[in-house]
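Shown next: query34.cif, given as mmCIF, N, CA and C atoms.
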```cif
data_model
#
loop_
_atom_site.label_atom_id
_atom_site.label_comp_id
_atom_site.auth_asym_id
_atom_site.auth_seq_id
_atom_site.Cartn_x
_atom_site.Cartn_y
_atom_site.Cartn_z
N MET A 25 0.81 -1.20 0.00
CA MET A 25 0.00 0.00 0.00
C MET A 25 0.86 1.27 0.00
N VAL A 26 1.99 1.21 0.67
CA VAL A 26 2.90 2.35 0.72
C VAL A 26 3.42 2.67 -0.67
N ALA A 27 3.71 1.63 -1.46
CA ALA A 27 4.21 1.85 -2.82
C ALA A 27 3.18 2.58 -3.67
N LEU A 28 1.91 2.27 -3.49
CA LEU A 28 0.86 2.94 -4.24
C LEU A 28 0.80 4.43 -3.89
N PHE A 29 0.90 4.74 -2.60
CA PHE A 29 0.87 6.14 -2.19
C PHE A 29 2.13 6.87 -2.64
N GLN A 30 3.26 6.20 -2.68
CA GLN A 30 4.47 6.83 -3.20
C GLN A 30 4.35 7.10 -4.70
N LEU A 31 3.72 6.19 -5.43
CA LEU A 31 3.47 6.40 -6.85
C LEU A 31 2.55 7.59 -7.07
N ILE A 32 1.49 7.68 -6.28
CA ILE A 32 0.56 8.81 -6.39
C ILE A 32 1.29 10.11 -6.06
N ASP A 33 2.14 10.10 -5.03
CA ASP A 33 2.91 11.28 -4.67
C ASP A 33 3.84 11.70 -5.80
N THR A 34 4.49 10.74 -6.44
CA THR A 34 5.38 11.05 -7.56
C THR A 34 4.61 11.63 -8.74
N VAL A 35 3.46 11.08 -9.06
CA VAL A 35 2.64 11.58 -10.17
C VAL A 35 2.18 13.01 -9.88
N ILE A 36 1.78 13.28 -8.63
CA ILE A 36 1.36 14.63 -8.27
C ILE A 36 2.53 15.60 -8.39
N ASN A 37 3.71 15.19 -7.95
CA ASN A 37 4.89 16.06 -8.07
C ASN A 37 5.22 16.35 -9.54
N ILE A 38 5.17 15.35 -10.39
CA ILE A 38 5.45 15.55 -11.81
C ILE A 38 4.42 16.50 -12.42
N TYR A 39 3.15 16.34 -12.06
CA TYR A 39 2.11 17.21 -12.60
C TYR A 39 2.29 18.66 -12.13
N ILE A 40 2.72 18.85 -10.89
CA ILE A 40 2.99 20.19 -10.40
C ILE A 40 4.11 20.83 -11.22
N TRP A 41 5.17 20.07 -11.50
CA TRP A 41 6.26 20.61 -12.31
C TRP A 41 5.81 20.91 -13.73
N LEU A 42 4.94 20.09 -14.29
CA LEU A 42 4.41 20.37 -15.63
C LEU A 42 3.60 21.66 -15.63
N LEU A 43 2.84 21.91 -14.58
CA LEU A 43 2.09 23.16 -14.47
C LEU A 43 3.02 24.37 -14.39
N ILE A 44 4.08 24.24 -13.62
CA ILE A 44 5.04 25.34 -13.49
C ILE A 44 5.73 25.61 -14.84
N ILE A 45 6.16 24.55 -15.52
CA ILE A 45 6.81 24.71 -16.82
C ILE A 45 5.84 25.33 -17.82
N TRP A 46 4.57 24.91 -17.80
CA TRP A 46 3.57 25.47 -18.71
C TRP A 46 3.39 26.97 -18.45
N ALA A 47 3.33 27.36 -17.17
CA ALA A 47 3.14 28.77 -16.85
C ALA A 47 4.33 29.60 -17.31
N VAL A 48 5.53 29.12 -17.07
CA VAL A 48 6.73 29.86 -17.48
C VAL A 48 6.80 29.95 -19.00
N LEU A 49 6.52 28.85 -19.68
CA LEU A 49 6.55 28.87 -21.14
C LEU A 49 5.49 29.82 -21.71
N SER A 50 4.32 29.86 -21.10
CA SER A 50 3.29 30.78 -21.60
C SER A 50 3.71 32.23 -21.41
N TRP A 51 4.41 32.54 -20.32
CA TRP A 51 4.93 33.89 -20.13
C TRP A 51 6.00 34.21 -21.16
N LEU A 52 6.88 33.26 -21.41
CA LEU A 52 7.95 33.49 -22.39
C LEU A 52 7.39 33.72 -23.79
N VAL A 53 6.33 33.00 -24.13
CA VAL A 53 5.69 33.20 -25.43
C VAL A 53 4.96 34.54 -25.46
N ALA A 54 4.31 34.90 -24.37
CA ALA A 54 3.56 36.16 -24.33
C ALA A 54 4.48 37.37 -24.44
N PHE A 55 5.68 37.28 -23.89
CA PHE A 55 6.61 38.41 -23.94
C PHE A 55 7.61 38.29 -25.09
N ASN A 56 7.33 37.40 -26.03
CA ASN A 56 8.15 37.21 -27.23
C ASN A 56 9.61 36.88 -26.94
N VAL A 57 9.85 36.15 -25.86
CA VAL A 57 11.19 35.68 -25.57
C VAL A 57 11.48 34.44 -26.42
N VAL A 58 10.47 33.58 -26.52
CA VAL A 58 10.55 32.42 -27.41
C VAL A 58 9.43 32.53 -28.42
N ASN A 59 9.62 31.92 -29.56
CA ASN A 59 8.67 32.02 -30.65
C ASN A 59 8.07 30.65 -30.92
N THR A 60 6.76 30.60 -31.08
CA THR A 60 6.11 29.32 -31.33
C THR A 60 6.32 28.82 -32.75
N SER A 61 6.95 29.61 -33.59
CA SER A 61 7.28 29.08 -34.93
C SER A 61 8.45 28.10 -34.85
N ASN A 62 9.18 28.12 -33.74
CA ASN A 62 10.19 27.10 -33.49
C ASN A 62 9.46 25.79 -33.21
N ARG A 63 9.84 24.75 -33.92
CA ARG A 63 9.11 23.48 -33.84
C ARG A 63 9.14 22.87 -32.43
N PHE A 64 10.30 22.93 -31.76
CA PHE A 64 10.41 22.37 -30.41
C PHE A 64 9.52 23.12 -29.44
N VAL A 65 9.55 24.44 -29.49
CA VAL A 65 8.73 25.26 -28.59
C VAL A 65 7.25 24.98 -28.84
N TYR A 66 6.88 24.87 -30.11
CA TYR A 66 5.49 24.57 -30.44
C TYR A 66 5.06 23.21 -29.89
N LEU A 67 5.90 22.19 -30.09
CA LEU A 67 5.55 20.85 -29.61
C LEU A 67 5.49 20.79 -28.09
N LEU A 68 6.44 21.46 -27.43
CA LEU A 68 6.43 21.48 -25.97
C LEU A 68 5.19 22.21 -25.45
N GLY A 69 4.87 23.35 -26.03
CA GLY A 69 3.68 24.09 -25.60
C GLY A 69 2.40 23.33 -25.86
N ASP A 70 2.33 22.66 -27.01
CA ASP A 70 1.15 21.87 -27.33
C ASP A 70 0.99 20.70 -26.35
N PHE A 71 2.09 20.01 -26.06
CA PHE A 71 2.04 18.90 -25.10
C PHE A 71 1.60 19.39 -23.72
N LEU A 72 2.21 20.47 -23.24
CA LEU A 72 1.87 20.99 -21.92
C LEU A 72 0.43 21.48 -21.87
N ASN A 73 -0.04 22.08 -22.94
CA ASN A 73 -1.43 22.54 -23.00
C ASN A 73 -2.39 21.36 -22.95
N ARG A 74 -2.09 20.31 -23.69
CA ARG A 74 -2.97 19.13 -23.69
C ARG A 74 -2.99 18.43 -22.35
N VAL A 75 -1.88 18.47 -21.62
CA VAL A 75 -1.80 17.80 -20.33
C VAL A 75 -2.45 18.62 -19.22
N THR A 76 -2.28 19.93 -19.26
CA THR A 76 -2.75 20.75 -18.14
C THR A 76 -4.15 21.33 -18.33
N GLU A 77 -4.56 21.54 -19.55
CA GLU A 77 -5.84 22.21 -19.80
C GLU A 77 -7.06 21.48 -19.23
N PRO A 78 -7.15 20.14 -19.31
CA PRO A 78 -8.34 19.49 -18.73
C PRO A 78 -8.50 19.73 -17.23
N ALA A 79 -7.41 19.88 -16.50
CA ALA A 79 -7.51 20.15 -15.06
C ALA A 79 -7.73 21.63 -14.77
N LEU A 80 -7.24 22.50 -15.64
CA LEU A 80 -7.38 23.94 -15.41
C LEU A 80 -8.73 24.49 -15.85
N ARG A 81 -9.35 23.87 -16.83
CA ARG A 81 -10.61 24.38 -17.38
C ARG A 81 -11.72 24.51 -16.33
N PRO A 82 -11.96 23.50 -15.48
CA PRO A 82 -13.03 23.67 -14.47
C PRO A 82 -12.73 24.78 -13.47
N ILE A 83 -11.46 24.97 -13.14
CA ILE A 83 -11.09 26.04 -12.20
C ILE A 83 -11.33 27.39 -12.86
N ARG A 84 -11.00 27.51 -14.13
CA ARG A 84 -11.21 28.78 -14.84
C ARG A 84 -12.69 29.13 -14.94
N ARG A 85 -13.53 28.10 -15.08
CA ARG A 85 -14.96 28.37 -15.17
C ARG A 85 -15.51 28.92 -13.86
N LEU A 86 -14.94 28.47 -12.73
CA LEU A 86 -15.43 28.91 -11.43
C LEU A 86 -14.85 30.25 -10.98
N MET A 87 -13.69 30.61 -11.53
CA MET A 87 -13.01 31.84 -11.12
C MET A 87 -13.65 33.07 -11.77
N PRO A 88 -13.72 34.18 -11.02
CA PRO A 88 -14.19 35.42 -11.64
C PRO A 88 -13.12 35.97 -12.57
N ASP A 89 -13.51 36.84 -13.46
CA ASP A 89 -12.57 37.46 -14.39
C ASP A 89 -11.67 38.43 -13.63
N LEU A 90 -10.37 38.21 -13.73
CA LEU A 90 -9.41 39.05 -13.01
C LEU A 90 -8.67 39.99 -13.95
N GLY A 91 -9.19 40.20 -15.13
CA GLY A 91 -8.60 41.16 -16.06
C GLY A 91 -7.32 40.69 -16.69
N GLY A 92 -7.30 39.50 -17.20
CA GLY A 92 -6.13 39.00 -17.89
C GLY A 92 -5.14 38.25 -17.03
N ILE A 93 -5.36 38.20 -15.73
CA ILE A 93 -4.47 37.46 -14.84
C ILE A 93 -5.09 36.09 -14.59
N ASP A 94 -4.32 35.06 -14.89
CA ASP A 94 -4.81 33.69 -14.74
C ASP A 94 -4.13 33.05 -13.54
N ILE A 95 -4.88 32.91 -12.44
CA ILE A 95 -4.32 32.30 -11.25
C ILE A 95 -4.75 30.84 -11.09
N SER A 96 -5.39 30.29 -12.11
CA SER A 96 -5.85 28.91 -12.02
C SER A 96 -4.69 27.91 -11.84
N PRO A 97 -3.51 28.11 -12.44
CA PRO A 97 -2.42 27.16 -12.14
C PRO A 97 -2.00 27.18 -10.67
N MET A 98 -2.00 28.36 -10.05
CA MET A 98 -1.65 28.44 -8.63
C MET A 98 -2.68 27.72 -7.77
N ILE A 99 -3.94 27.90 -8.11
CA ILE A 99 -5.00 27.24 -7.36
C ILE A 99 -4.90 25.73 -7.51
N LEU A 100 -4.65 25.26 -8.73
CA LEU A 100 -4.51 23.83 -8.96
C LEU A 100 -3.29 23.27 -8.23
N ILE A 101 -2.19 24.00 -8.22
CA ILE A 101 -1.00 23.54 -7.49
C ILE A 101 -1.30 23.45 -6.00
N LEU A 102 -1.99 24.44 -5.45
CA LEU A 102 -2.35 24.38 -4.03
C LEU A 102 -3.28 23.21 -3.73
N LEU A 103 -4.23 22.94 -4.62
CA LEU A 103 -5.11 21.78 -4.43
C LEU A 103 -4.34 20.47 -4.50
N LEU A 104 -3.39 20.37 -5.41
CA LEU A 104 -2.59 19.15 -5.52
C LEU A 104 -1.70 18.96 -4.30
N ILE A 105 -1.13 20.03 -3.78
CA ILE A 105 -0.33 19.92 -2.56
C ILE A 105 -1.20 19.50 -1.38
N PHE A 106 -2.40 20.07 -1.30
CA PHE A 106 -3.34 19.67 -0.26
C PHE A 106 -3.69 18.19 -0.37
N LEU A 107 -3.96 17.73 -1.59
CA LEU A 107 -4.30 16.33 -1.80
C LEU A 107 -3.13 15.42 -1.44
N ARG A 108 -1.92 15.80 -1.83
CA ARG A 108 -0.74 15.00 -1.50
C ARG A 108 -0.54 14.93 0.01
N ASN A 109 -0.67 16.05 0.70
CA ASN A 109 -0.52 16.04 2.16
C ASN A 109 -1.62 15.24 2.83
N LEU A 110 -2.82 15.32 2.32
CA LEU A 110 -3.93 14.55 2.86
C LEU A 110 -3.66 13.06 2.74
N LEU A 111 -3.18 12.64 1.57
CA LEU A 111 -2.90 11.23 1.35
C LEU A 111 -1.74 10.74 2.22
N LEU A 112 -0.67 11.50 2.25
CA LEU A 112 0.55 11.03 2.91
C LEU A 112 0.51 11.16 4.42
N TYR A 113 -0.15 12.17 4.94
CA TYR A 113 -0.09 12.41 6.38
C TYR A 113 -1.37 12.06 7.12
N ASP A 114 -2.47 11.85 6.42
CA ASP A 114 -3.72 11.51 7.10
C ASP A 114 -4.20 10.11 6.75
N ILE A 115 -4.24 9.79 5.47
CA ILE A 115 -4.81 8.50 5.05
C ILE A 115 -3.81 7.37 5.23
N LEU A 116 -2.58 7.57 4.79
CA LEU A 116 -1.57 6.51 4.86
C LEU A 116 -1.29 6.07 6.30
N PRO A 117 -1.07 6.98 7.25
CA PRO A 117 -0.84 6.51 8.63
C PRO A 117 -2.05 5.79 9.22
N ALA A 118 -3.26 6.16 8.80
CA ALA A 118 -4.45 5.49 9.32
C ALA A 118 -4.56 4.07 8.80
N LEU A 119 -4.00 3.80 7.64
CA LEU A 119 -4.04 2.44 7.08
C LEU A 119 -2.99 1.52 7.69
N MET A 120 -1.98 2.10 8.30
CA MET A 120 -0.90 1.28 8.86
C MET A 120 -1.17 0.85 10.25
#
```

Spit out the file's structure as structure tokens when you get a sec.
Amino acid sequence: MVALFQLIDTVINIYIWLLIIWAVLSWLVAFNVVNTSNRFVYLLGDFLNRVTEPALRPIRRLMPDLGGIDISPMILILLLIFLRNLLLYDILPALM
């Protein structure tokens, strides 16, 4: 059972890093530091968008309009950290 919770913890950590990379890449594209006409940048952005968008879309629907500021990745990261702590520090010790 511990191995399953460690796997879930690792997946949550990887997803948090993907969200951070997606946010930084979107800023770099918005400020014209990198160009999406570069094939690698386009493929990386497309992959990150396909991976993160399904989880971010429901949060964006619930959030009020903040005038161009998108805090949905921060909210999702906080929810994932909460879920990871809940699993590792509350549920796992109760099962042992």

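The spacing separating atom CA of A:Asp94 from atom CA of A:Leu68 amounts to 20.0 Å.
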
Within 9 Å of stretch 78-84 of chain A: each stretch 93-116 of chain A residue with its shortest pair, only C-alpha atoms, as a tab-separated table:
```
residue	atom	partner	partner_atom	distance
A:Asp94	CA	A:Arg84	CA	8.1
A:Ile95	CA	A:Arg84	CA	8.5
A:Ser96	CA	A:Ile83	CA	6.0
A:Pro97	CA	A:Leu80	CA	6.8
A:Ile99	CA	A:Ile83	CA	7.9
A:Leu100	CA	A:Leu80	CA	7.1
```

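When only N, CA and C atoms are used to compute distances to A:Thr76, the closest of the residues A:Ile115, A:Leu43, A:Met25, A:Leu31 turns out to be A:Leu43.
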
Report as JSON the centre and the edge lengths, in Å to one decimal, of the axis-aligned box holding every listed atom of stretch 76-88 of chain A, padded by 3 Å on each side.
```
{"center_x": -8.9, "center_y": 27.7, "center_z": -15.4, "size_x": 19.2, "size_y": 22.5, "size_z": 14.8}
```

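Nearest to A:Ile36 of all the residues A:Val75, A:Leu49, A:Val57, A:Leu104 is A:Leu104, based on all atoms listed in the file.
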
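Across the structure, atom CA of A:Trp46 and atom CA of A:Leu72 are spaced 5.8 Å apart.
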
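Reported to one decimal place, the separation of atom CA of A:Arg108 from atom CA of A:Gly69 is 26.1 Å.
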
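With only C-alpha atoms as the atoms that count, the minimum distance from A:Val35 to the choices A:Ala54, A:Leu102, A:Val48, A:Leu107 is reached by A:Leu107.
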
Exercise for the section: Per DSSP on the backbone, filter stretch 41-118 of chain A down to the residues in alpha helix (DSSP H) and report them as JSON, numbers by chain. Expected result: {"A": [41, 42, 43, 44, 45, 46, 47, 48, 49, 50, 51, 52, 53, 54, 63, 64, 65, 66, 67, 68, 69, 70, 71, 72, 73, 74, 75, 76, 77, 78, 79, 80, 81, 82, 83, 84, 85, 86, 96, 97, 98, 99, 100, 101, 102, 103, 104, 105, 106, 107, 108, 109, 110, 116, 117, 118]}

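The shortest atom-to-atom distance to A:Phe29, with all atoms listed in the file taken into account, belongs to A:Leu112 out of A:Ile105, A:Leu86, A:Leu112, A:Leu42.
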
Give me stretch 37-48 of chain A with all heavy atoms filled in, as a PDB file, in the frame of the given file.
```
ATOM      1  N   ASN A  37       3.710  15.190  -7.950  1.00  0.00           N
ATOM      2  CA  ASN A  37       4.890  16.060  -8.070  1.00  0.00           C
ATOM      3  C   ASN A  37       5.220  16.350  -9.540  1.00  0.00           C
ATOM      4  O   ASN A  37       5.526  17.496  -9.895  1.00  0.00           O
ATOM      5  CB  ASN A  37       6.104  15.418  -7.400  1.00  0.00           C
ATOM      6  CG  ASN A  37       6.079  15.608  -5.902  1.00  0.00           C
ATOM      7  OD1 ASN A  37       5.548  16.591  -5.409  1.00  0.00           O
ATOM      8  ND2 ASN A  37       6.651  14.657  -5.194  1.00  0.00           N
ATOM      9  N   ILE A  38       5.170  15.350 -10.390  1.00  0.00           N
ATOM     10  CA  ILE A  38       5.450  15.550 -11.810  1.00  0.00           C
ATOM     11  C   ILE A  38       4.420  16.500 -12.420  1.00  0.00           C
ATOM     12  O   ILE A  38       4.759  17.395 -13.195  1.00  0.00           O
ATOM     13  CB  ILE A  38       5.483  14.201 -12.558  1.00  0.00           C
ATOM     14  CG1 ILE A  38       6.717  13.402 -12.143  1.00  0.00           C
ATOM     15  CG2 ILE A  38       5.456  14.399 -14.069  1.00  0.00           C
ATOM     16  CD1 ILE A  38       6.729  11.972 -12.643  1.00  0.00           C
ATOM     17  N   TYR A  39       3.150  16.340 -12.060  1.00  0.00           N
ATOM     18  CA  TYR A  39       2.110  17.210 -12.600  1.00  0.00           C
ATOM     19  C   TYR A  39       2.290  18.660 -12.130  1.00  0.00           C
ATOM     20  O   TYR A  39       2.061  19.598 -12.901  1.00  0.00           O
ATOM     21  CB  TYR A  39       0.724  16.687 -12.216  1.00  0.00           C
ATOM     22  CG  TYR A  39      -0.362  17.236 -13.095  1.00  0.00           C
ATOM     23  CD1 TYR A  39      -0.549  16.733 -14.372  1.00  0.00           C
ATOM     24  CD2 TYR A  39      -1.190  18.255 -12.663  1.00  0.00           C
ATOM     25  CE1 TYR A  39      -1.536  17.240 -15.201  1.00  0.00           C
ATOM     26  CE2 TYR A  39      -2.175  18.772 -13.476  1.00  0.00           C
ATOM     27  CZ  TYR A  39      -2.350  18.262 -14.742  1.00  0.00           C
ATOM     28  OH  TYR A  39      -3.314  18.772 -15.558  1.00  0.00           O
ATOM     29  N   ILE A  40       2.720  18.850 -10.890  1.00  0.00           N
ATOM     30  CA  ILE A  40       2.990  20.190 -10.400  1.00  0.00           C
ATOM     31  C   ILE A  40       4.110  20.830 -11.220  1.00  0.00           C
ATOM     32  O   ILE A  40       4.021  21.994 -11.621  1.00  0.00           O
ATOM     33  CB  ILE A  40       3.327  20.164  -8.893  1.00  0.00           C
ATOM     34  CG1 ILE A  40       2.062  19.879  -8.085  1.00  0.00           C
ATOM     35  CG2 ILE A  40       3.954  21.488  -8.447  1.00  0.00           C
ATOM     36  CD1 ILE A  40       2.301  19.640  -6.614  1.00  0.00           C
ATOM     37  N   TRP A  41       5.170  20.070 -11.500  1.00  0.00           N
ATOM     38  CA  TRP A  41       6.260  20.610 -12.310  1.00  0.00           C
ATOM     39  C   TRP A  41       5.810  20.910 -13.730  1.00  0.00           C
ATOM     40  O   TRP A  41       6.238  21.911 -14.323  1.00  0.00           O
ATOM     41  CB  TRP A  41       7.460  19.663 -12.313  1.00  0.00           C
ATOM     42  CG  TRP A  41       8.276  19.841 -11.073  1.00  0.00           C
ATOM     43  CD1 TRP A  41       8.361  18.989 -10.011  1.00  0.00           C
ATOM     44  CD2 TRP A  41       9.091  20.969 -10.751  1.00  0.00           C
ATOM     45  NE1 TRP A  41       9.191  19.523  -9.059  1.00  0.00           N
ATOM     46  CE2 TRP A  41       9.651  20.728  -9.489  1.00  0.00           C
ATOM     47  CE3 TRP A  41       9.396  22.146 -11.411  1.00  0.00           C
ATOM     48  CZ2 TRP A  41      10.510  21.636  -8.879  1.00  0.00           C
ATOM     49  CZ3 TRP A  41      10.245  23.048 -10.804  1.00  0.00           C
ATOM     50  CH2 TRP A  41      10.799  22.791  -9.552  1.00  0.00           C
ATOM     51  N   LEU A  42       4.940  20.090 -14.290  1.00  0.00           N
ATOM     52  CA  LEU A  42       4.410  20.370 -15.630  1.00  0.00           C
ATOM     53  C   LEU A  42       3.600  21.660 -15.630  1.00  0.00           C
ATOM     54  O   LEU A  42       3.678  22.455 -16.580  1.00  0.00           O
ATOM     55  CB  LEU A  42       3.557  19.208 -16.135  1.00  0.00           C
ATOM     56  CG  LEU A  42       4.300  17.935 -16.513  1.00  0.00           C
ATOM     57  CD1 LEU A  42       3.314  16.831 -16.869  1.00  0.00           C
ATOM     58  CD2 LEU A  42       5.258  18.189 -17.653  1.00  0.00           C
ATOM     59  N   LEU A  43       2.840  21.910 -14.580  1.00  0.00           N
ATOM     60  CA  LEU A  43       2.090  23.160 -14.470  1.00  0.00           C
ATOM     61  C   LEU A  43       3.020  24.370 -14.390  1.00  0.00           C
ATOM     62  O   LEU A  43       2.777  25.402 -15.026  1.00  0.00           O
ATOM     63  CB  LEU A  43       1.176  23.131 -13.240  1.00  0.00           C
ATOM     64  CG  LEU A  43      -0.097  22.313 -13.354  1.00  0.00           C
ATOM     65  CD1 LEU A  43      -0.712  22.108 -11.987  1.00  0.00           C
ATOM     66  CD2 LEU A  43      -1.073  22.998 -14.285  1.00  0.00           C
ATOM     67  N   ILE A  44       4.080  24.240 -13.620  1.00  0.00           N
ATOM     68  CA  ILE A  44       5.040  25.340 -13.490  1.00  0.00           C
ATOM     69  C   ILE A  44       5.730  25.610 -14.840  1.00  0.00           C
ATOM     70  O   ILE A  44       5.859  26.765 -15.261  1.00  0.00           O
ATOM     71  CB  ILE A  44       6.059  25.034 -12.382  1.00  0.00           C
ATOM     72  CG1 ILE A  44       5.368  25.035 -11.021  1.00  0.00           C
ATOM     73  CG2 ILE A  44       7.224  26.031 -12.407  1.00  0.00           C
ATOM     74  CD1 ILE A  44       6.212  24.495  -9.886  1.00  0.00           C
ATOM     75  N   ILE A  45       6.160  24.550 -15.520  1.00  0.00           N
ATOM     76  CA  ILE A  45       6.810  24.710 -16.820  1.00  0.00           C
ATOM     77  C   ILE A  45       5.840  25.330 -17.820  1.00  0.00           C
ATOM     78  O   ILE A  45       6.218  26.203 -18.609  1.00  0.00           O
ATOM     79  CB  ILE A  45       7.355  23.359 -17.310  1.00  0.00           C
ATOM     80  CG1 ILE A  45       8.490  22.890 -16.402  1.00  0.00           C
ATOM     81  CG2 ILE A  45       7.825  23.441 -18.756  1.00  0.00           C
ATOM     82  CD1 ILE A  45       8.896  21.451 -16.624  1.00  0.00           C
ATOM     83  N   TRP A  46       4.570  24.910 -17.800  1.00  0.00           N
ATOM     84  CA  TRP A  46       3.570  25.470 -18.710  1.00  0.00           C
ATOM     85  C   TRP A  46       3.390  26.970 -18.450  1.00  0.00           C
ATOM     86  O   TRP A  46       3.304  27.762 -19.398  1.00  0.00           O
ATOM     87  CB  TRP A  46       2.242  24.739 -18.547  1.00  0.00           C
ATOM     88  CG  TRP A  46       1.154  25.347 -19.356  1.00  0.00           C
ATOM     89  CD1 TRP A  46       0.881  25.152 -20.671  1.00  0.00           C
ATOM     90  CD2 TRP A  46       0.201  26.315 -18.899  1.00  0.00           C
ATOM     91  NE1 TRP A  46      -0.183  25.923 -21.055  1.00  0.00           N
ATOM     92  CE2 TRP A  46      -0.616  26.640 -19.990  1.00  0.00           C
ATOM     93  CE3 TRP A  46      -0.042  26.920 -17.670  1.00  0.00           C
ATOM     94  CZ2 TRP A  46      -1.656  27.553 -19.889  1.00  0.00           C
ATOM     95  CZ3 TRP A  46      -1.072  27.829 -17.574  1.00  0.00           C
ATOM     96  CH2 TRP A  46      -1.866  28.130 -18.677  1.00  0.00           C
ATOM     97  N   ALA A  47       3.330  27.360 -17.170  1.00  0.00           N
ATOM     98  CA  ALA A  47       3.140  28.770 -16.850  1.00  0.00           C
ATOM     99  C   ALA A  47       4.330  29.600 -17.310  1.00  0.00           C
ATOM    100  O   ALA A  47       4.150  30.675 -17.909  1.00  0.00           O
ATOM    101  CB  ALA A  47       2.918  28.937 -15.342  1.00  0.00           C
ATOM    102  N   VAL A  48       5.530  29.120 -17.070  1.00  0.00           N
ATOM    103  CA  VAL A  48       6.730  29.860 -17.480  1.00  0.00           C
ATOM    104  C   VAL A  48       6.800  29.950 -19.000  1.00  0.00           C
ATOM    105  O   VAL A  48       7.088  31.013 -19.561  1.00  0.00           O
ATOM    106  CB  VAL A  48       7.999  29.204 -16.898  1.00  0.00           C
ATOM    107  CG1 VAL A  48       9.255  29.796 -17.509  1.00  0.00           C
ATOM    108  CG2 VAL A  48       8.024  29.344 -15.382  1.00  0.00           C
TER     109      VAL A  48
END
```
